[in-house]
Amino acid sequence: MLPRSTTSLFCVLFQVLAAVSQGFGEFESVSVGAPINGDRFRIEGRCVVPGVKAQDWVSTARVLVEGEDHVGFLKTDGSFAVNDVPSGSYVVEIVSPAYKFEPVRVDITSKGKMRARMVNFIKTSEVVRLPYPLQMRSSGPPNYFNKRETWGWTDFLMNPMVMMMVLPLLIIVLLPKVVNTNDPEMRREMEQSMNMLNPNPELPDVSEFMTKLFSSKGPGKSGSSIKAGKSGQLKRR
Amino acid sequence: MAAAISCLIFFFVLVCLSAAVFEDQAGKFDWRQQYVGKVKFAYFDSQTQASRKLVVATEQNVIASLNSRNGDILWRQVDKTGPEGHIDSVLVHGQDAIMVSGNGRLLRSWEITVGGLNWETVLDTGSFQSTGFVGVQDSVKYVAVLKKTAIYLHYLSNGHQKWVENLPDSETVQYEVVYSGGSGLVYVLGVVPHSHLTITAYNLEDGEVMKQVSVEALWLESLKPGCAVVGDGVLVCADPASRSLYTLKLEEEHEQEMRQVLLQSLGVELSDGFQPRVLATQPSPARHPNAEFSVQLGSDHHILLQLGDDVIAPLRDFQQALLVSFATTGEKTVAVVMSPKNETAYSINLFSADSGRRLLETFTTFNLDPNGGKPERLYVHAFLKKDDSVGYRVLVQTEDHALIFVQQPGRVLWIREEALAEVVTMEMVDLPLTGTQAELEGEFGKKADGLLGMVLKRLSSQLILLQSWTAHLWKMFCDARQPRSLVKNEVTIETLARDEFNLQKMMVMVTASGKLFGIESSFGTILWKHFLQKVQPSSSFKLVVQRTTAHFPHPPQCTLIIKDKDTGLSTLHVFNPIFGKRSHITPPSLGRPILQSLLLPLMDQDYAKVLLLIDNEYKVTAFPSGKRVLQQLQEMASLVFFYLVDADQGKLSGFRLRRDLTTELIWEVVIPTEVQRIVSVKGKRANEHVHSQGRVMGDRSVLYKYLNPNLLAVVTESSDSHPERSFVGMYLIDGVTGRIIHEAVQRKARGPVYFVHSENWVVYQYWNTKSRRNEFSVLELYEGTEQYNSTAFSSLDRPLTPQVLQQSYIFPSAISQLEATITEKGITSRHLLVGLPSGAILSLPKMLLDPRRPEVPSEQSREENLIPYAPEMPIRSEWFINYNQTVTRAKGIYTAPSGLESTCLVVAYGLDIYQTRVYPSKQFDVLNDDYDYMLISSVLFGLVFTTMISKRLAQVKLLNRAWR
């Protein structure tokens with residue numbers, strides 16, 4: 001049971017509501033919870049999981065009022081009633097491991113007037129009305145799992161580094177096709193430019209060096225060449 | 001713009017922090033076991049022959065349906081704890097289970113195939129007495145609920161009230177039994193103790209009183225359990241004083257007296273001082289009960305009697321019968337008798353209820369666990385076989401809350417250990433090393449062998465390792481060839497061995513019933529169980545691990561301190577946590593109530609840690625108490641301090657151990673009980689390691705943590721419960737000096753307070769009465785930018801008080817449990833594990849509960865990775881470590897470090913038990929289990945392949961060049 005000051009607080013809340021004027025008339029028509037034993041009331045409502053029969057999920061769901069202070073169960077048609085709730089303000093939740101429901105705050109005055117509003121823990125006095133008897137609609141199954149980072153070809157191809165490599169490659173492959181290589185003038189011109197580009201033929205080619213290194217006959221040869229290099233260095237000294 | 005950026009950072013951090021499970025990990029290293037609790041009512045669904053369903057209601061306020069083929073839960077509905085959810089009675093009719101709960105407050109009807117409610121009605125308050133179905137003309141339409149002052153009749157189909165009648169003279173008469181024999185009348189039987197019996201008959205249609213008779217019965221005290229209605233409405237009562245049975249016809253019109261039948265005339269004798277019990281059977285509520293009934297005359301003596309026309313005839317005397325029960329199938333009613341055969345084996349026989357003859361081929365024997373309790377109750381499901389003989393299945397409930405389902409040729413189909421629904425405390429113990437591992441470990445101990453010997457030993461042990469590795473490979477190969485379904489992950493007590501990362505451990509669980517369990521943690525197999533016979537139901541327990549498995553030739557040792565609630569006296573149970581066997585070490589006998597126990601880091605010659613027990617005269621008992629131990633204790637006595645809490649007087653007192661092992665009071669803190677009471681006191685965990693001594697701030701200076709190992713967190717709640725004046729207090733007290741380090745008061749707040757005290761922080765949760773929401777508050781203690789003494793911490797030499805930072809947050813849900821993760825070295829970041837009433841366990845990063853979170857993010861706070869302050873804590877379903885495997889009514893969350901720094905083992909227990917692993921900073925020390933071996937190896941092979949091809953191409957090119 002809640003002492004009087006709390007109830008007066010509720011009165012204030014209701015006045016605020018009237019001032020906000022979200023519909024004074026509507027407030028008057030708030031259904032009166034059936035008083036069962038003087039100051040104990042009943043919270044009623046219905047919950048729906050779109051596309052799923054109530055029978056398939058009600059056995060795993062419960063209605064929790066303010067933590068586990070009051071517990072209600074779902075009927076086989078999805079409706080529920082939580083009995084023996086004293087006046088006060090409560091957060092009503094439907095808990096089910098398979099479906100997600102938004103909690104609702106229910107205010108009950110000492111006379112048994114009920115109203116439902118959105119839960120707002122930061123602005124606790126803000127009132128956004130919801131229908132009463134409660135209408136709980138599931139927003140689907142909760143997402144418990146993180147997605148694995150899967151590896152796909154599109155991810156690889158869309159990588160900017162890969163894009164930077166692929167574009168020049170395309171240009172190299174496609175450019176000779178576009179430019180007519182049969183034209184002798186053109187060919188001469190290209191050869192000239194190639195010679196310009198060609199590095200010093202004296203310098204060892206990296207690929208050549210690698211193939212030498214890896215070829216089966218390589219070791220002796222490359223070894224000797226290294227030796228020669230060394231001796232050359234010595235000589236120079 | 002800045003706000004937007006900070007918001008972005010916030011979300012980025014959230015994404016980084018998330019410690020969710022991946023979908024393919026579900027069930028890989030976690031498991032859940034669901035329980036219902038100690039069964040109070042059990043019914044077999046006998047609608048159809050093929051139906052294999054059981055409906056049970058338990059002392060844990062749970063109604064559930066079990067599959068009788070394997071014992072699995074088909075559905076389960078959990079009401080709230082305490083007397084308001086207490087189940088008074090359950091009756092099953094067809095597809096409906098009618099349940100009365102909350103001392104007759106609520107009448108509910110459950111649909112037993114679906115597990116949902118059919119209807120629910122509220123009855124007036126009043127003490128519940130009895131309930132019964134009321135049928136007329138072979139159909140059951142109503143349910144009658146008898147309370148102390150009134151009788152209610154409700155329709156079975158929709159729960160609507162048909163009528164309610166106040167009972168006459170309810171102040172003096174105890175109304176106890178409601179009975180209806182299908183005659184259109186509802187009889188209510190009441191008794192005025194040692195005076196008379198009253199019978200009131202109500203008309204079924206309108207509740208009109210049809211008859212009201214009172215019969216003199218000076219000897220009668222109560223109708224339960226010595227009375228029952230038998231046959232054509234005859235009340236049979238047993239009177240232990242005169243050693244006789246009394247009968248009374250209820251439907252008789254005129255005045256009558258109770259007829260006395262001496263038990264001696266039936267040729268039986270009543271055991272001295274035993275309250276006889278009368279057991280009758282009523283197969284259908286729309287008809288009269290059977291004329292046969294049984295009377296229990298002694299603890300293992302029953303007699304089957306038949307009520308004829310005014311005479312009671314004995315049918316059969318069961319001398320060695322532990323339990324007797326009736327079962328009906330079709331037209332046949334049988335008496336099922338269970339008698340002990342030897343210490344562990346029990347036999348079941350069926351007797352025809354009409355004749356008392358033994359039915360052929362119904363004899364069954366089965367064995368019970370010798371470490372368990374004795375059978376307590378028997379539930380029987382009888383059915384007709386094809387050849388018209390009676391077959392049966394039996395559900396046996398034992399003292400240790402186990403349910404054992406036995407099928408006819410003595411086969412135990414399944415066992416449910418319902419004691420595990422009430423786990424009180426638990427510990428995780430490392431598994432022992434295997435023989436080869438132990439040998440390897442032993443190598444490092446000895447050094448006397450000389451160089452050559454050592455080398456040889458090294459080589460031989462490497463050989464052994466190689467051998468075991470090849471054996472392991474061979475086993476893997478064999479397993480891989482078999483189909484997956486055949487490969488069993490069976491863990492037995494023989495094959496128990498520590499795995500390489502010490503992820504598999506032994507969970508030692510202590511339950512309220514006094515039954516101990518040893519559960520292996522990777523699959524949840526119960527490896528041993530031990531029922532402590534003499535434990536009182538309301539005892540409190542404390543479990544300590546005195547010796548771990550690390551000291552190889554010595555077996556590990558656990559000690560359970562059992563404290564009786566009424567006498568306050570304690571006993572010790574010393575056992576091996578791996579095998580569950582009681583140790584041969586005799587614990588000290590404790591003559592006085594124990595106030596406090598502490599486990600010292602001191603070890604005796606057998607590597608058992610010393611347990612100090614302080615009794616109510618402040619005397620100290622050490623266990624083990626060898627000569628060497630006492631000597632060591634004397635040496636370090638000046639370093640041993642302990643504290644006692646007296647919540648009734650609001651007193652915390654600190655003591656010091658003297659050299660002669662007496663104690664000395666050194667400080668006392670009194671928290672006046674008129675204003676507030678001490679709710680809980682917690683120190684830090686002894687096995688906790690803190691890796692970093694401080695935090696590096698944005699300007700590269702270090703903020704040192706105040707790491708006082710002796711710090712106690714004391715939570716108080718105001719005695720005034722008015723929402724405007726109530727408060728929650730948090731005191732941080734040094735346990736050695738009694739100095740109050742810090743005091744925080746949360747006004748307009750009330751409990752229950754859940755809190756965690758670890759490292760240099762305390763996190764606590766309370767209910768804000770003003771804003772009607774749950775709030776988290778975090779306190780962090782820092783020494784400042786300079787450390788007073790960086791090598792050691794001493795409570796006696798701390799001139800500076802620590803700096804205390806505090807911040808509070810809104811938590812958008814109630815919580816049921818709070819614990820913090822723990823890891824081997826404390827490098828991994830900490831998470832808080834929050835048990836929610838919905839059954840989910842939320843893994844909340846401690847980073848979100850950091851009092852240094854800035855309101856306005858600055859350059860430095862961004863450098864420090866501080867998340868900007870947001871008043872509301874998020875709850876995201878990705879952070880639920882147990883995804884949809886909810887743990888109903890979580891009573892405790894136990895965390896233990898594993899061999900991997902990144903991994904923390906978590907066990908949540910309540911009505912269910914859930915075990916999993918959490919990785920608060922992700923798996924940084926092992927490869928992820930989604931590590932793409934395929935990609936890596938294919939890339940490697942691809943590279944090798946291209947090298948070979950390009951080599952070939954290069955050769956061709958070289959050759960071509962040479963030709964040119």
# chains A, B, ... in the order shown; residues from 1 in each chain; ligands from 1

call {"tool": "interface_residues", "arguments": {"of": "chain A", "to": "chain B", "cutoff": "9 Å", "atoms": "only C-alpha atoms", "output": "number ranges by chain"}}
result
A: 2-3, 5-6, 36-37, 55-62, 64, 66-78, 80-81, 83-84, 89-90, 94-98, 121-125, 142-149, 207-208, 210-211, 214-215

call {"tool": "residues_around", "arguments": {"residues": "segment 907-920 of chain B", "least_positions_apart": "4", "cutoff": "6 Å", "atoms": "only C-alpha atoms", "output": "ChimeraX atom specification"}}
result
/B:30-35,421,887-894,902-903

call {"tool": "write_last_selection", "arguments": {"atoms": "N, CA and C atoms", "output": "PDB file, in the first residue's frame"}}
result
ATOM      1  N   ASP B  30      27.961 -23.797 -23.627  1.00  0.00           N
ATOM      2  CA  ASP B  30      27.040 -23.427 -22.562  1.00  0.00           C
ATOM      3  C   ASP B  30      25.936 -24.461 -22.463  1.00  0.00           C
ATOM      4  N   TRP B  31      25.357 -24.571 -21.321  1.00  0.00           N
ATOM      5  CA  TRP B  31      24.235 -25.485 -21.141  1.00  0.00           C
ATOM      6  C   TRP B  31      23.323 -24.950 -20.061  1.00  0.00           C
ATOM      7  N   ARG B  32      22.082 -25.417 -20.115  1.00  0.00           N
ATOM      8  CA  ARG B  32      21.105 -25.025 -19.105  1.00  0.00           C
ATOM      9  C   ARG B  32      20.350 -26.255 -18.634  1.00  0.00           C
ATOM     10  N   GLN B  33      20.108 -26.308 -17.351  1.00  0.00           N
ATOM     11  CA  GLN B  33      19.259 -27.359 -16.804  1.00  0.00           C
ATOM     12  C   GLN B  33      18.100 -26.682 -16.108  1.00  0.00           C
ATOM     13  N   GLN B  34      16.897 -27.158 -16.397  1.00  0.00           N
ATOM     14  CA  GLN B  34      15.720 -26.530 -15.810  1.00  0.00           C
ATOM     15  C   GLN B  34      15.115 -27.436 -14.750  1.00  0.00           C
ATOM     16  N   TYR B  35      14.682 -26.826 -13.688  1.00  0.00           N
ATOM     17  CA  TYR B  35      14.097 -27.589 -12.596  1.00  0.00           C
ATOM     18  C   TYR B  35      12.757 -26.985 -12.200  1.00  0.00           C
ATOM     19  N   ALA B 421      17.027 -27.147  -7.745  1.00  0.00           N
ATOM     20  CA  ALA B 421      16.241 -25.921  -7.911  1.00  0.00           C
ATOM     21  C   ALA B 421      16.524 -24.931  -6.782  1.00  0.00           C
ATOM     22  N   VAL B 887      17.319 -17.846 -17.215  1.00  0.00           N
ATOM     23  CA  VAL B 887      17.491 -18.435 -15.889  1.00  0.00           C
ATOM     24  C   VAL B 887      16.438 -17.803 -14.990  1.00  0.00           C
ATOM     25  N   THR B 888      15.390 -18.546 -14.724  1.00  0.00           N
ATOM     26  CA  THR B 888      14.297 -18.002 -13.933  1.00  0.00           C
ATOM     27  C   THR B 888      14.735 -17.867 -12.480  1.00  0.00           C
ATOM     28  N   ARG B 889      14.357 -16.773 -11.878  1.00  0.00           N
ATOM     29  CA  ARG B 889      14.630 -16.483 -10.473  1.00  0.00           C
ATOM     30  C   ARG B 889      16.095 -16.674 -10.121  1.00  0.00           C
ATOM     31  N   ALA B 890      16.970 -15.996 -10.816  1.00  0.00           N
ATOM     32  CA  ALA B 890      18.403 -16.131 -10.544  1.00  0.00           C
ATOM     33  C   ALA B 890      18.677 -15.754  -9.096  1.00  0.00           C
ATOM     34  N   LYS B 891      19.244 -16.697  -8.352  1.00  0.00           N
ATOM     35  CA  LYS B 891      19.551 -16.437  -6.951  1.00  0.00           C
ATOM     36  C   LYS B 891      21.028 -16.142  -6.758  1.00  0.00           C
ATOM     37  N   GLY B 892      21.821 -16.503  -7.734  1.00  0.00           N
ATOM     38  CA  GLY B 892      23.248 -16.248  -7.607  1.00  0.00           C
ATOM     39  C   GLY B 892      23.920 -16.385  -8.949  1.00  0.00           C
ATOM     40  N   ILE B 893      24.983 -15.595  -9.138  1.00  0.00           N
ATOM     41  CA  ILE B 893      25.814 -15.726 -10.334  1.00  0.00           C
ATOM     42  C   ILE B 893      27.218 -15.969  -9.807  1.00  0.00           C
ATOM     43  N   TYR B 894      27.815 -17.047 -10.228  1.00  0.00           N
ATOM     44  CA  TYR B 894      29.146 -17.392  -9.747  1.00  0.00           C
ATOM     45  C   TYR B 894      30.111 -17.211 -10.906  1.00  0.00           C
ATOM     46  N   SER B 902      41.599 -14.418 -21.208  1.00  0.00           N
ATOM     47  CA  SER B 902      40.444 -13.748 -21.805  1.00  0.00           C
ATOM     48  C   SER B 902      39.121 -14.313 -21.330  1.00  0.00           C
ATOM     49  N   THR B 903      39.136 -15.485 -20.711  1.00  0.00           N
ATOM     50  CA  THR B 903      37.900 -16.226 -20.504  1.00  0.00           C
ATOM     51  C   THR B 903      37.534 -16.286 -19.033  1.00  0.00           C
TER      52      THR B 903
END

call {"tool": "select_by_dssp", "arguments": {"residues": "segment 302-487 of chain B", "states": "alpha helix (DSSP H)", "output": "ChimeraX atom specification"}}
result
/B:435-443,450-481

call {"tool": "residues_around", "arguments": {"residues": "segment 100-109 of chain A", "least_positions_apart": "6", "cutoff": "7 Å", "atoms": "only C-alpha atoms", "output": "PyMOL selection string"}}
result
chain A and resi 7+10+87-94+115-119+136-142

call {"tool": "write_last_selection", "arguments": {"atoms": "C-alpha atoms", "output": "short mmCIF file (atom, residue, chain, number, x, y, z; two decimals), in the first residue's frame"}}
result
data_model
loop_
_atom_site.label_atom_id
_atom_site.label_comp_id
_atom_site.auth_asym_id
_atom_site.auth_seq_id
_atom_site.Cartn_x
_atom_site.Cartn_y
_atom_site.Cartn_z
CA THR A 7 -1.67 9.44 -4.17
CA PHE A 10 -0.82 11.14 -8.74
CA SER A 87 -2.84 1.62 -6.30
CA GLY A 88 0.37 3.13 -7.56
CA SER A 89 2.42 3.41 -10.70
CA TYR A 90 3.89 0.33 -12.26
CA VAL A 91 5.89 -0.76 -15.25
CA VAL A 92 4.15 -3.71 -16.88
CA GLU A 93 6.28 -5.97 -19.04
CA ILE A 94 5.58 -9.10 -21.00
CA ARG A 115 -4.33 4.74 -17.38
CA ALA A 116 -1.47 3.48 -19.44
CA ARG A 117 1.38 5.56 -20.77
CA MET A 118 4.76 5.19 -22.37
CA VAL A 119 7.67 4.34 -20.13
CA MET A 136 0.86 -5.18 -26.28
CA ARG A 137 2.13 -5.94 -29.73
CA SER A 138 5.36 -7.79 -30.21
CA SER A 139 7.97 -6.24 -32.45
CA GLY A 140 9.25 -9.67 -33.37
CA PRO A 141 11.93 -11.93 -31.98
CA PRO A 142 14.81 -10.20 -30.22
#

call {"tool": "residues_around", "arguments": {"residues": "Leu844 of chain B", "least_positions_apart": "6", "cutoff": "9 Å", "atoms": "only C-alpha atoms", "output": "ChimeraX atom specification"}}
result
/B:18-19,830-834,874-875,879

call {"tool": "select_by_dssp", "arguments": {"residues": "segment 44-105 of chain A", "states": "strand (DSSP E)", "output": "PyMOL selection string"}}
result
chain A and resi 44-48+62-65+70-72+79-86+88-95+104-105

call {"tool": "decode", "arguments": {"residues": "segment 623-643 of chain B", "atoms": "N, CA, C and O atoms", "output": "PDB file, in the first residue's frame"}}
result
ATOM      1  N   PHE B 623      41.298 -25.248  12.000  1.00  0.00           N
ATOM      2  CA  PHE B 623      41.147 -26.554  11.373  1.00  0.00           C
ATOM      3  C   PHE B 623      41.894 -26.530  10.058  1.00  0.00           C
ATOM      4  O   PHE B 623      41.584 -25.685   9.229  1.00  0.00           O
ATOM      5  N   PRO B 624      42.864 -27.343   9.781  1.00  0.00           N
ATOM      6  CA  PRO B 624      43.439 -28.369  10.663  1.00  0.00           C
ATOM      7  C   PRO B 624      44.249 -27.723  11.790  1.00  0.00           C
ATOM      8  O   PRO B 624      44.686 -26.580  11.663  1.00  0.00           O
ATOM      9  N   SER B 625      44.443 -28.435  12.860  1.00  0.00           N
ATOM     10  CA  SER B 625      45.082 -27.822  14.025  1.00  0.00           C
ATOM     11  C   SER B 625      46.287 -28.627  14.493  1.00  0.00           C
ATOM     12  O   SER B 625      46.384 -28.993  15.648  1.00  0.00           O
ATOM     13  N   GLY B 626      47.178 -28.954  13.544  1.00  0.00           N
ATOM     14  CA  GLY B 626      48.412 -29.653  13.897  1.00  0.00           C
ATOM     15  C   GLY B 626      49.354 -28.731  14.677  1.00  0.00           C
ATOM     16  O   GLY B 626      49.138 -27.522  14.785  1.00  0.00           O
ATOM     17  N   LYS B 627      50.410 -29.314  15.159  1.00  0.00           N
ATOM     18  CA  LYS B 627      51.359 -28.563  15.983  1.00  0.00           C
ATOM     19  C   LYS B 627      52.006 -27.444  15.174  1.00  0.00           C
ATOM     20  O   LYS B 627      52.138 -26.318  15.615  1.00  0.00           O
ATOM     21  N   ARG B 628      52.362 -27.819  13.934  1.00  0.00           N
ATOM     22  CA  ARG B 628      53.060 -26.848  13.092  1.00  0.00           C
ATOM     23  C   ARG B 628      52.147 -25.677  12.752  1.00  0.00           C
ATOM     24  O   ARG B 628      52.568 -24.528  12.696  1.00  0.00           O
ATOM     25  N   VAL B 629      50.899 -26.021  12.527  1.00  0.00           N
ATOM     26  CA  VAL B 629      49.928 -24.983  12.180  1.00  0.00           C
ATOM     27  C   VAL B 629      49.795 -23.988  13.318  1.00  0.00           C
ATOM     28  O   VAL B 629      49.832 -22.769  13.120  1.00  0.00           O
ATOM     29  N   LEU B 630      49.683 -24.513  14.539  1.00  0.00           N
ATOM     30  CA  LEU B 630      49.515 -23.632  15.686  1.00  0.00           C
ATOM     31  C   LEU B 630      50.741 -22.745  15.873  1.00  0.00           C
ATOM     32  O   LEU B 630      50.632 -21.564  16.184  1.00  0.00           O
ATOM     33  N   GLN B 631      51.888 -23.352  15.615  1.00  0.00           N
ATOM     34  CA  GLN B 631      53.129 -22.583  15.733  1.00  0.00           C
ATOM     35  C   GLN B 631      53.153 -21.437  14.718  1.00  0.00           C
ATOM     36  O   GLN B 631      53.436 -20.291  15.043  1.00  0.00           O
ATOM     37  N   GLN B 632      52.803 -21.788  13.498  1.00  0.00           N
ATOM     38  CA  GLN B 632      52.760 -20.768  12.435  1.00  0.00           C
ATOM     39  C   GLN B 632      51.743 -19.687  12.762  1.00  0.00           C
ATOM     40  O   GLN B 632      51.976 -18.506  12.528  1.00  0.00           O
ATOM     41  N   LEU B 633      50.623 -20.142  13.302  1.00  0.00           N
ATOM     42  CA  LEU B 633      49.555 -19.201  13.650  1.00  0.00           C
ATOM     43  C   LEU B 633      50.042 -18.206  14.684  1.00  0.00           C
ATOM     44  O   LEU B 633      49.765 -17.012  14.597  1.00  0.00           O
ATOM     45  N   GLN B 634      50.785 -18.721  15.665  1.00  0.00           N
ATOM     46  CA  GLN B 634      51.311 -17.825  16.697  1.00  0.00           C
ATOM     47  C   GLN B 634      52.238 -16.791  16.100  1.00  0.00           C
ATOM     48  O   GLN B 634      52.218 -15.626  16.468  1.00  0.00           O
ATOM     49  N   GLU B 635      53.030 -17.253  15.131  1.00  0.00           N
ATOM     50  CA  GLU B 635      53.987 -16.329  14.513  1.00  0.00           C
ATOM     51  C   GLU B 635      53.267 -15.202  13.772  1.00  0.00           C
ATOM     52  O   GLU B 635      53.670 -14.053  13.836  1.00  0.00           O
ATOM     53  N   MET B 636      52.237 -15.580  13.076  1.00  0.00           N
ATOM     54  CA  MET B 636      51.588 -14.536  12.276  1.00  0.00           C
ATOM     55  C   MET B 636      50.295 -14.013  12.908  1.00  0.00           C
ATOM     56  O   MET B 636      49.510 -13.336  12.259  1.00  0.00           O
ATOM     57  N   ALA B 637      50.117 -14.284  14.189  1.00  0.00           N
ATOM     58  CA  ALA B 637      48.887 -13.867  14.859  1.00  0.00           C
ATOM     59  C   ALA B 637      48.687 -12.360  14.796  1.00  0.00           C
ATOM     60  O   ALA B 637      47.558 -11.877  14.645  1.00  0.00           O
ATOM     61  N   SER B 638      49.781 -11.625  14.871  1.00  0.00           N
ATOM     62  CA  SER B 638      49.641 -10.162  14.887  1.00  0.00           C
ATOM     63  C   SER B 638      49.151  -9.630  13.549  1.00  0.00           C
ATOM     64  O   SER B 638      48.776  -8.472  13.441  1.00  0.00           O
ATOM     65  N   LEU B 639      49.157 -10.482  12.519  1.00  0.00           N
ATOM     66  CA  LEU B 639      48.717 -10.030  11.200  1.00  0.00           C
ATOM     67  C   LEU B 639      47.274 -10.440  10.910  1.00  0.00           C
ATOM     68  O   LEU B 639      46.744 -10.131   9.858  1.00  0.00           O
ATOM     69  N   VAL B 640      46.666 -11.184  11.825  1.00  0.00           N
ATOM     70  CA  VAL B 640      45.312 -11.681  11.550  1.00  0.00           C
ATOM     71  C   VAL B 640      44.286 -10.780  12.228  1.00  0.00           C
ATOM     72  O   VAL B 640      44.285 -10.612  13.443  1.00  0.00           O
ATOM     73  N   PHE B 641      43.463 -10.189  11.411  1.00  0.00           N
ATOM     74  CA  PHE B 641      42.372  -9.341  11.906  1.00  0.00           C
ATOM     75  C   PHE B 641      41.075  -9.911  11.353  1.00  0.00           C
ATOM     76  O   PHE B 641      41.056 -10.488  10.272  1.00  0.00           O
ATOM     77  N   PHE B 642      40.006  -9.757  12.073  1.00  0.00           N
ATOM     78  CA  PHE B 642      38.730 -10.162  11.505  1.00  0.00           C
ATOM     79  C   PHE B 642      37.627  -9.266  12.051  1.00  0.00           C
ATOM     80  O   PHE B 642      37.833  -8.521  13.008  1.00  0.00           O
ATOM     81  N   TYR B 643      36.495  -9.323  11.404  1.00  0.00           N
ATOM     82  CA  TYR B 643      35.387  -8.458  11.807  1.00  0.00           C
ATOM     83  C   TYR B 643      34.133  -9.280  12.026  1.00  0.00           C
ATOM     84  O   TYR B 643      33.973 -10.347  11.448  1.00  0.00           O
TER      85      TYR B 643
END
